[in-house]
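Colleague: A single structure is presented below for examination.
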Amino acid sequence: MPLTVKPRRSRNIRIILTVICGLLPILLGLAILHMQAQRALQQSSRQTAAEALKQFELMLDSTAAAARELLPLSGRRCSEVQLALREQVTRRPFVRSTNLVWDNNLYCSSLFGDYREAVNPGDYAGGQLWLMNGNPVTPDTALLVYRLSEGRLGALTTLDGYHLSNMLRLIGRETLLALRVGDHWLSADGKVHAGEPPHLPVAPTRLTSQRYRFVVESGYPTGETWRYMADEYPPLFSLLVFFGAIASALGHFLQKRASSPSVEMQRALEAGEFIPYFQPVIHGASKSWAGAEVLMRWNHPKEGLVRPDLFIPFAEHSGLIVPMTRSLMQQTAALLAPLSASFTQPFHIGINITASHCHDLALVADCREFLDAFKPGSVSLVLELTERELIEPTQVTRQLFEQLHGLGVMIAIDDFGTGHSSLGYLRQFNVDFLKIDQSFVAMIGIDTLSGHLLDSIIELAAKLDLRTVAEGVETTGQSDYLTAHGVNFLQGYLFARPMPALEFMNALAAIK
């Protein structure tokens with residue numbers, strides 16, 4: 001009996017110790033990722049609130065300017081000044097209506113002309129702003145009223161709540177964002193609520209405007225930290241499991257796994273196994289080829305063609321993405337440069353970059369070498385800035401983007417609207433293109449909210465004089481919708497799938 005029991009106990013202990021060794025790095029890694037996720041969410045929440053506060057102040061600047069111009073007209077007959085009131089509505093963006101007040105009595109409106117209504121200064125936060133749930137004209141639409149008063153003179157200008165709620169949806173897509181004025185607050189669905197906004201337990205942020213009487217509140221609901229980790233860190237979870245397996249495996253398994261993924265990828269880079277695939281980019285109006293996005297594929301000698309989602313995140317995390325991108329650019333130049341003399345107009349070539357490329361100025365030299373391989377003016381190099389990692393606006397990054405623009409290289413924000421820093425990138429890096437994420441394109445004609453967001457992105461790009469590229473176009477209906485709304489370029493399976501170099505060059509030669 002002891003001969004059977006003792007080995008069984010020893011085996012059980014070894015199993016327990018193996019499990020403990022495997023769990024320790026996983027639990028420690030999860031704790032570190034949880035803290036990192038909390039910091040990232042806090043930073044994102046603050047950036048979102050700051051951007052919202054800035055945009056609301058810009059909107060109120062327009063309404064305040066209209067009120068200042070109209071204040072000297074207070075007291076004059078409505079028939080004399082009604083045209084001036086309507087002129088302000090026409091000239092000023094976001095201003096829905098203007099009104100004149102004399103001795104706290106509204107007597108002239110841009111909407112109705114002569115009008116009689118008492119004005120209670122106590123309704124206005126700090127005597128300046130009043131967030132209403134509607135008025136007799138639009139009873140179910142939020143309204144923000146700006147009040148300017150000097151003695152008996154007064155002017156009221158109103159801002160449509162649609163613009164406010166639309167900005168809350170656009171900026172706060174990843175967060176819970178609210179605009180608070182006095183005892184009322186506006187949510188992203190356009191509803192005005194009384195009392196305190198609901199408590200946001202994760203990354204709560206409250207910013208108060210120094211110029212107007214309003215507050216922006218931002219944050220996330222319970223459990224958002226774990227949801228963020230599940231969305232942002234899947235490759236790292238795989239690494240934790242990988243390290244746990246290493247810690248708990250036997251000696252021969254350790255030696256078998258000693259060649260880490262980074263070593264294998266370094267070997268593959270030296271062997272030239274990372275190759276370019278090309279997906280055509282189409283002119284939205286003419287449907288002719290405008291260029292192509294260059295995509296990286298791993299042609300593994302044993303596994304065959306490896307999907308990019310299985311190795312790109314780890315390449316970014318390990319820092320190998322920089323030499324891999326450099327190799328991709330060199331291969332692309334070697335393939336397409338001999339054809340550049342036949343290009344009748346600049347051929348759009350898009351290449352993805354990440355935060356790893358922005359740590360120094362080496363990317364400038366890579367782009368200069370790439371462009372020098374082509375006939376001058378024959379190609380337009382577009383670097384597509386992905387948002388899987390946050391790019392900090394340092395002196396180096398600013399210098400990098402300035403030198404890239406000096407070379408004629410254009411910058412695009414990839415998957416715009418899905419990352420937590422897109423609006424910040426627009427302000428900091430002077431981009432040229434917005435690439436609309438395929439999730440918005442896929443919902444054309446299906447989801448009304450996504451359609452509004454898509455229209456808002458297209459409108460934002462037009463106002464900022466940015467060109468747009470829509471990804472993931474798979475149906476004629478999507479193509480027609482995007483073309484009708486002025487999207488410059490289209491990309492997706494409707495036109496062509498990513499293809500290897502030889503197939504792409506044959507297709508390119510066939511359309512010349």
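Residue numbering restarts at 1 for every chain of the structure tokens, chains are lettered A, B, ... in their displayed order, and ligands are numbered from 1 as they appear.
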Taking 3 positions as the minimum chain separation for residues in the same chain, which residues sit within 8 Å of range 205-218 of chain A when counting only C-alpha atoms? Answer as number ranges by chain.
Modeller: A: 42, 45-46, 48-50, 52-53, 57, 125-126, 128-129, 175-182, 200
Colleague: I'd like the contact shell of Leu383 in chain A - 9 Å cut-off, only C-alpha atoms, skipping same-chain residues fewer than 2 positions apart - returned as a PyMOL selection string.
Modeller: chain A and resi 349-353+381+385+409-413
Colleague: Quick one: distance from CA of Thr476 in chain A to CA of Ile457 in chain A in Å, one decimal?
Modeller: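 Separation of CA of Thr476 in chain A and CA of Ile457 in chain A: 20.8 Å.
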Colleague: Select, from A:Leu335, A:Glu87, A:Leu295, A:Leu30, the residue with the minimum atom-to-atom distance to Ala230 in chain A, counting only C-alpha atoms.
Modeller: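 Closest to Ala230 in chain A, using only C-alpha atoms: A:Leu30.
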Colleague: Could you jot down the CA of Glu174 in chain A to CA of Leu454 in chain A separation for me, Å, one decimal place?
Modeller: 15.5 Å
